[in-house]
file run_38.cif (mmCIF, C-alpha atoms)
data_entry
#
loop_
_atom_site.label_atom_id
_atom_site.label_comp_id
_atom_site.auth_asym_id
_atom_site.auth_seq_id
_atom_site.Cartn_x
_atom_site.Cartn_y
_atom_site.Cartn_z
CA MET A 1 -0.69 11.03 13.94
CA ASN A 2 0.81 7.58 13.30
CA ARG A 3 0.92 8.23 9.54
CA ILE A 4 2.78 11.52 10.13
CA PHE A 5 5.17 9.81 12.55
CA GLY A 6 5.78 7.01 10.04
CA SER A 7 6.42 9.54 7.28
CA LEU A 8 8.95 11.28 9.51
CA GLY A 9 10.75 7.95 9.95
CA GLU A 10 10.75 7.27 6.21
CA SER A 11 12.22 10.71 5.50
CA ALA A 12 14.91 10.16 8.14
CA ALA A 13 15.72 6.73 6.66
CA ALA A 14 15.92 8.16 3.12
CA ASP A 15 18.30 10.93 4.28
CA TRP A 16 20.36 8.35 6.18
CA LEU A 17 20.65 6.19 3.04
CA ARG A 18 21.57 9.20 0.87
CA LYS A 19 24.43 10.06 3.24
CA ARG A 20 25.72 6.51 2.70
CA GLY A 21 25.80 6.88 -1.09
CA TRP A 22 22.41 5.43 -2.03
CA ARG A 23 20.36 7.03 -4.81
CA ILE A 24 16.69 7.10 -3.83
CA LEU A 25 14.63 5.78 -6.75
CA ALA A 26 11.18 5.82 -5.18
CA ARG A 27 9.36 6.44 -1.93
CA ASN A 28 6.11 4.65 -1.09
CA TYR A 29 6.06 2.56 -4.26
CA ALA A 30 2.62 1.02 -4.01
CA VAL A 31 0.86 -1.70 -5.93
CA ARG A 32 -2.37 -3.45 -5.13
CA GLY A 33 -1.84 -5.00 -1.75
CA GLY A 34 1.79 -4.05 -1.22
CA GLU A 35 4.22 -1.19 -0.76
CA ILE A 36 7.95 -0.53 -0.71
CA ASP A 37 8.73 2.38 1.61
CA ILE A 38 12.06 3.18 -0.06
CA ALA A 39 13.65 1.85 -3.25
CA ALA A 40 17.29 2.85 -3.65
CA PHE A 41 20.34 1.94 -5.72
CA ARG A 42 24.08 1.80 -5.05
CA LEU A 43 26.95 -0.13 -6.63
CA GLY A 44 24.76 -2.63 -8.49
CA THR A 45 22.39 -3.28 -5.61
CA LEU A 46 18.70 -2.45 -5.78
CA LEU A 47 17.58 -1.94 -2.20
CA CYS A 48 13.91 -2.31 -1.30
CA ALA A 49 13.31 -1.22 2.28
CA GLU A 50 10.48 -1.50 4.76
CA VAL A 51 10.79 1.33 7.30
CA LYS A 52 9.38 0.92 10.80
CA THR A 53 9.39 3.90 13.15
CA ARG A 54 8.89 3.61 16.89
CA SER A 55 9.16 5.90 19.86
CA GLN A 56 9.45 3.02 22.32
CA THR A 57 9.80 -0.76 22.36
CA ASP A 58 7.14 -1.61 24.96
CA TYR A 59 5.37 -3.80 22.41
CA GLY A 60 8.44 -5.22 20.72
CA LEU A 61 11.07 -4.11 18.26
CA PRO A 62 10.03 -2.40 15.03
CA ARG A 63 11.14 -5.46 13.02
CA ASP A 64 8.61 -7.56 14.95
CA ALA A 65 5.81 -5.71 13.12
CA VAL A 66 6.91 -7.23 9.81
CA ASP A 67 4.93 -10.47 9.68
CA GLY A 68 4.30 -13.06 6.98
CA ILE A 69 1.45 -11.17 5.33
CA LYS A 70 3.49 -7.94 5.22
CA ILE A 71 6.44 -9.83 3.73
CA ARG A 72 4.26 -11.44 1.04
CA ARG A 73 2.78 -8.07 0.06
CA PHE A 74 6.20 -6.43 0.12
CA ARG A 75 7.58 -9.11 -2.21
CA GLU A 76 4.67 -8.53 -4.59
CA ALA A 77 5.63 -4.85 -4.72
CA VAL A 78 9.30 -5.78 -5.32
CA ARG A 79 8.25 -8.11 -8.14
CA ASP A 80 6.15 -5.32 -9.71
CA LEU A 81 8.97 -2.78 -9.38
CA THR A 82 11.50 -5.08 -11.02
CA GLU A 83 9.12 -6.14 -13.80
CA ASN A 84 8.32 -2.53 -14.68
CA TYR A 85 11.66 -0.79 -14.16
CA VAL A 86 14.49 -3.32 -14.48
CA ILE A 87 14.78 -3.73 -18.26
CA ASN A 88 17.52 -5.98 -19.65
CA GLY A 89 19.07 -6.06 -16.17
CA ARG A 90 19.27 -2.27 -15.90
CA ILE A 91 17.32 0.30 -13.91
CA PRO A 92 17.16 4.06 -14.54
CA VAL A 93 18.96 6.02 -11.82
CA ASN A 94 18.54 9.78 -11.53
CA PHE A 95 21.72 11.84 -11.15
CA GLY A 96 20.13 15.28 -10.96
CA LYS A 97 20.01 16.67 -14.48
CA PHE A 98 20.37 13.28 -16.17
CA THR A 99 19.33 9.65 -15.77
CA ILE A 100 21.62 6.69 -16.43
CA LYS A 101 20.56 3.06 -16.72
CA ARG A 102 22.63 1.08 -14.23
CA ARG A 103 23.11 -2.67 -14.12
CA VAL A 104 21.35 -4.46 -11.25
CA PHE A 105 23.44 -7.33 -9.92
CA ARG A 106 21.55 -7.87 -6.69
CA ILE A 107 18.17 -7.12 -5.14
CA ARG A 108 18.15 -6.79 -1.37
CA CYS A 109 15.17 -6.46 0.97
CA ASP A 110 15.98 -4.72 4.25
CA ILE A 111 14.12 -3.47 7.28
CA ILE A 112 15.16 -0.04 8.51
CA GLU A 113 14.25 0.67 12.11
CA VAL A 114 13.93 4.33 13.06
CA TYR A 115 13.77 5.26 16.73
CA ALA A 116 12.40 8.74 17.30
CA ALA A 117 10.76 10.80 20.00
CA ARG A 118 7.21 11.97 19.34
CA ASN A 119 8.58 15.48 18.76
CA GLY A 120 10.42 14.15 15.70
CA ASN A 121 13.96 13.88 17.05
CA VAL A 122 15.54 10.74 15.65
CA SER A 123 17.80 8.98 18.13
CA GLU A 124 18.88 5.89 16.18
CA ILE A 125 18.54 4.17 12.81
CA ILE A 126 19.27 0.47 12.41
CA GLN A 127 19.43 -1.26 9.04
CA ILE A 128 18.69 -4.99 9.02
CA LYS A 129 20.19 -6.23 5.76
CA ASP A 130 18.62 -9.14 3.85
CA ALA A 131 15.77 -9.23 6.37
CA PHE A 132 13.58 -11.34 4.08
#
call {"tool": "encode", "arguments": {"input": "run_38.cif", "output": "structure tokens"}}
result
Amino acid sequence: MNRIFGSLGESAAADWLRKRGWRILARNYAVRGGEIDIAAFRLGTLLCAEVKTRSQTDYGLPRDAVDGIKIRRFREAVRDLTENYVINGRIPVNFGKFTIKRRVFRIRCDIIEVYAARNGNVSEIIQIKDAF
């Protein structure tokens, strides 16, 4: 159930980013020991996001679940993504029928908090920019 709920939050976050002009490059980009929930690109910025979905805050805010170990593993995934896909400072970005290599000027690691009821209704999305 938690995996399904988390996936719902990731889908909501990806849709939310798309509506703000971001091109989604990857979802659940995983390497040994680490994962990026959403990798996206917009205006020279490569965004790597950790999405945390919660139905309540009884045990703290979603961002509180991102600890030192999670950050280390996340950074390993970011390093792998950039080593494998950012070539000569450019990353391939899909524009439907074609792909264009776009220059990456900045890499940003954010936390996206998704607040949703257990029935799937999303009530709020908060993006914490440059979280780590």
call {"tool": "resolve_selection", "arguments": {"input": "run_38.cif", "expression": "the PyMOL selection byres ((chain A and resi 94-108) around 9)", "output": "ChimeraX atom specification"}}
result
/A:23-25,41,43-49,78,86,88-93,109-110,129-132
call {"tool": "atom_distance", "arguments": {"input": "run_38.cif", "atom1": "atom CA of Ala116 of chain A", "atom2": "atom CA of Ser55 of chain A"}}
result
5.0 Å
call {"tool": "resolve_selection", "arguments": {"input": "run_38.cif", "expression": "the PyMOL selection byres ((chain A and resi 122-127) around 7)", "output": "short mmCIF file (atom, residue, chain, number, x, y, z; two decimals) with C-alpha atoms, keeping the file's coordinate frame"}}
result
data_model
loop_
_atom_site.label_atom_id
_atom_site.label_comp_id
_atom_site.auth_asym_id
_atom_site.auth_seq_id
_atom_site.Cartn_x
_atom_site.Cartn_y
_atom_site.Cartn_z
CA ASP A 110 15.98 -4.72 4.25
CA ILE A 111 14.12 -3.47 7.28
CA ILE A 112 15.16 -0.04 8.51
CA GLU A 113 14.25 0.67 12.11
CA VAL A 114 13.93 4.33 13.06
CA TYR A 115 13.77 5.26 16.73
CA ALA A 116 12.40 8.74 17.30
CA ALA A 117 10.76 10.80 20.00
CA GLY A 120 10.42 14.15 15.70
CA ASN A 121 13.96 13.88 17.05
CA ILE A 128 18.69 -4.99 9.02
CA LYS A 129 20.19 -6.23 5.76
#
call {"tool": "resolve_selection", "arguments": {"input": "run_38.cif", "expression": "the PyMOL selection byres ((chain A and resi 80) around 12)", "output": "list of chain:residue names"}}
result
A:Tyr29, A:Ala30, A:Val31, A:Arg32, A:Gly33, A:Gly34, A:Glu35, A:Ile36, A:Cys48, A:Arg73, A:Phe74, A:Arg75, A:Glu76, A:Ala77, A:Val78, A:Arg79, A:Leu81, A:Thr82, A:Glu83, A:Asn84, A:Tyr85, A:Val86
call {"tool": "atom_distance", "arguments": {"input": "run_38.cif", "atom1": "atom CA of Lys52 of chain A", "atom2": "atom CA of Ala65 of chain A"}}
result
7.9 Å
call {"tool": "closest_residue", "arguments": {"input": "run_38.cif", "among": "A:Ile4, A:Ile71, A:Ala39, A:Tyr59", "to": "Trp22 of chain A", "atoms": "all atoms listed in the file"}}
result
A:Ala39
call {"tool": "atom_distance", "arguments": {"input": "run_38.cif", "atom1": "atom CA of Ala13 of chain A", "atom2": "atom CA of Arg118 of chain A"}}
result
16.1 Å
call {"tool": "decode", "arguments": {"input": "run_38.cif", "residues": "segment 97-129 of chain A", "atoms": "N, CA, C and O atoms", "output": "tab-separated table (two decimals), in the first residue's frame"}}
result
chain	number	residue	atom	x	y	z
A	97	LYS	N	8.25	14.09	-30.68
A	97	LYS	CA	8.75	13.34	-31.83
A	97	LYS	C	10.27	13.47	-32.01
A	97	LYS	O	10.85	12.77	-32.83
A	98	PHE	N	10.89	14.39	-31.31
A	98	PHE	CA	12.33	14.57	-31.47
A	98	PHE	C	13.00	14.85	-30.13
A	98	PHE	O	12.35	15.23	-29.16
A	99	THR	N	14.31	14.65	-30.10
A	99	THR	CA	15.11	14.88	-28.90
A	99	THR	C	16.19	15.91	-29.25
A	99	THR	O	16.83	15.80	-30.29
A	100	ILE	N	16.36	16.87	-28.36
A	100	ILE	CA	17.37	17.92	-28.56
A	100	ILE	C	18.31	17.89	-27.35
A	100	ILE	O	17.86	17.79	-26.21
A	101	LYS	N	19.60	18.02	-27.62
A	101	LYS	CA	20.57	18.11	-26.53
A	101	LYS	C	20.61	19.55	-26.04
A	101	LYS	O	20.89	20.47	-26.81
A	102	ARG	N	20.28	19.72	-24.77
A	102	ARG	CA	20.22	21.06	-24.17
A	102	ARG	C	21.36	21.25	-23.18
A	102	ARG	O	21.74	20.33	-22.46
A	103	ARG	N	21.87	22.47	-23.14
A	103	ARG	CA	22.98	22.78	-22.23
A	103	ARG	C	22.49	22.80	-20.79
A	103	ARG	O	21.44	23.36	-20.49
A	104	VAL	N	23.26	22.17	-19.91
A	104	VAL	CA	22.97	22.15	-18.47
A	104	VAL	C	23.88	23.20	-17.81
A	104	VAL	O	25.10	23.08	-17.84
A	105	PHE	N	23.27	24.22	-17.25
A	105	PHE	CA	24.01	25.26	-16.55
A	105	PHE	C	24.02	25.03	-15.04
A	105	PHE	O	24.90	25.51	-14.34
A	106	ARG	N	23.01	24.30	-14.58
A	106	ARG	CA	22.85	24.14	-13.13
A	106	ARG	C	22.19	22.81	-12.84
A	106	ARG	O	21.30	22.37	-13.57
A	107	ILE	N	22.63	22.17	-11.74
A	107	ILE	CA	21.98	20.96	-11.25
A	107	ILE	C	21.41	21.30	-9.88
A	107	ILE	O	22.13	21.80	-9.01
A	108	ARG	N	20.14	21.03	-9.72
A	108	ARG	CA	19.47	21.37	-8.46
A	108	ARG	C	18.83	20.12	-7.87
A	108	ARG	O	18.22	19.32	-8.60
A	109	CYS	N	18.98	19.94	-6.57
A	109	CYS	CA	18.38	18.81	-5.85
A	109	CYS	C	17.29	19.33	-4.93
A	109	CYS	O	17.58	20.07	-3.98
A	110	ASP	N	16.05	18.97	-5.22
A	110	ASP	CA	14.89	19.44	-4.45
A	110	ASP	C	14.20	18.29	-3.75
A	110	ASP	O	14.35	17.13	-4.14
A	111	ILE	N	13.42	18.64	-2.75
A	111	ILE	CA	12.46	17.72	-2.15
A	111	ILE	C	11.08	18.24	-2.55
A	111	ILE	O	10.81	19.44	-2.45
A	112	ILE	N	10.24	17.34	-3.02
A	112	ILE	CA	8.86	17.71	-3.33
A	112	ILE	C	7.96	16.96	-2.37
A	112	ILE	O	7.96	15.72	-2.35
A	113	GLU	N	7.25	17.72	-1.56
A	113	GLU	CA	6.32	17.13	-0.60
A	113	GLU	C	4.93	17.09	-1.22
A	113	GLU	O	4.45	18.10	-1.74
A	114	VAL	N	4.32	15.91	-1.17
A	114	VAL	CA	2.96	15.74	-1.69
A	114	VAL	C	2.08	15.34	-0.51
A	114	VAL	O	2.37	14.36	0.18
A	115	TYR	N	1.04	16.11	-0.29
A	115	TYR	CA	0.07	15.80	0.76
A	115	TYR	C	-1.19	15.28	0.08
A	115	TYR	O	-1.76	15.96	-0.77
A	116	ALA	N	-1.57	14.07	0.44
A	116	ALA	CA	-2.72	13.44	-0.22
A	116	ALA	C	-3.50	12.60	0.78
A	116	ALA	O	-2.93	12.05	1.73
A	117	ALA	N	-4.79	12.50	0.53
A	117	ALA	CA	-5.62	11.60	1.32
A	117	ALA	C	-5.37	10.18	0.85
A	117	ALA	O	-4.89	9.96	-0.27
A	118	ARG	N	-5.68	9.20	1.66
A	118	ARG	CA	-5.46	7.80	1.29
A	118	ARG	C	-6.27	7.38	0.06
A	118	ARG	O	-5.92	6.43	-0.61
A	119	ASN	N	-7.31	8.13	-0.26
A	119	ASN	CA	-8.10	7.81	-1.46
A	119	ASN	C	-7.45	8.35	-2.74
A	119	ASN	O	-7.97	8.16	-3.83
A	120	GLY	N	-6.32	9.06	-2.58
A	120	GLY	CA	-5.58	9.55	-3.74
A	120	GLY	C	-5.76	11.01	-4.06
A	120	GLY	O	-5.09	11.54	-4.95
A	121	ASN	N	-6.65	11.69	-3.37
A	121	ASN	CA	-6.86	13.12	-3.64
A	121	ASN	C	-5.71	13.94	-3.08
A	121	ASN	O	-5.47	13.95	-1.87
A	122	VAL	N	-5.01	14.63	-3.96
A	122	VAL	CA	-3.87	15.45	-3.56
A	122	VAL	C	-4.39	16.81	-3.10
A	122	VAL	O	-5.14	17.47	-3.81
A	123	SER	N	-3.97	17.22	-1.92
A	123	SER	CA	-4.42	18.50	-1.38
A	123	SER	C	-3.38	19.61	-1.53
A	123	SER	O	-3.75	20.78	-1.66
A	124	GLU	N	-2.09	19.23	-1.54
A	124	GLU	CA	-1.06	20.26	-1.61
A	124	GLU	C	0.25	19.64	-2.08
A	124	GLU	O	0.57	18.50	-1.74
A	125	ILE	N	1.00	20.44	-2.83
A	125	ILE	CA	2.36	20.05	-3.25
A	125	ILE	C	3.28	21.21	-2.91
A	125	ILE	O	2.99	22.37	-3.27
A	126	ILE	N	4.36	20.90	-2.21
A	126	ILE	CA	5.34	21.92	-1.82
A	126	ILE	C	6.70	21.51	-2.35
A	126	ILE	O	7.16	20.38	-2.12
A	127	GLN	N	7.35	22.44	-3.06
A	127	GLN	CA	8.68	22.17	-3.60
A	127	GLN	C	9.71	22.91	-2.75
A	127	GLN	O	9.64	24.12	-2.61
A	128	ILE	N	10.65	22.16	-2.20
A	128	ILE	CA	11.73	22.74	-1.40
A	128	ILE	C	12.96	22.77	-2.30
A	128	ILE	O	13.58	21.74	-2.55
A	129	LYS	N	13.27	23.94	-2.81
A	129	LYS	CA	14.36	24.09	-3.77
A	129	LYS	C	15.72	24.03	-3.08
A	129	LYS	O	15.86	24.51	-1.95
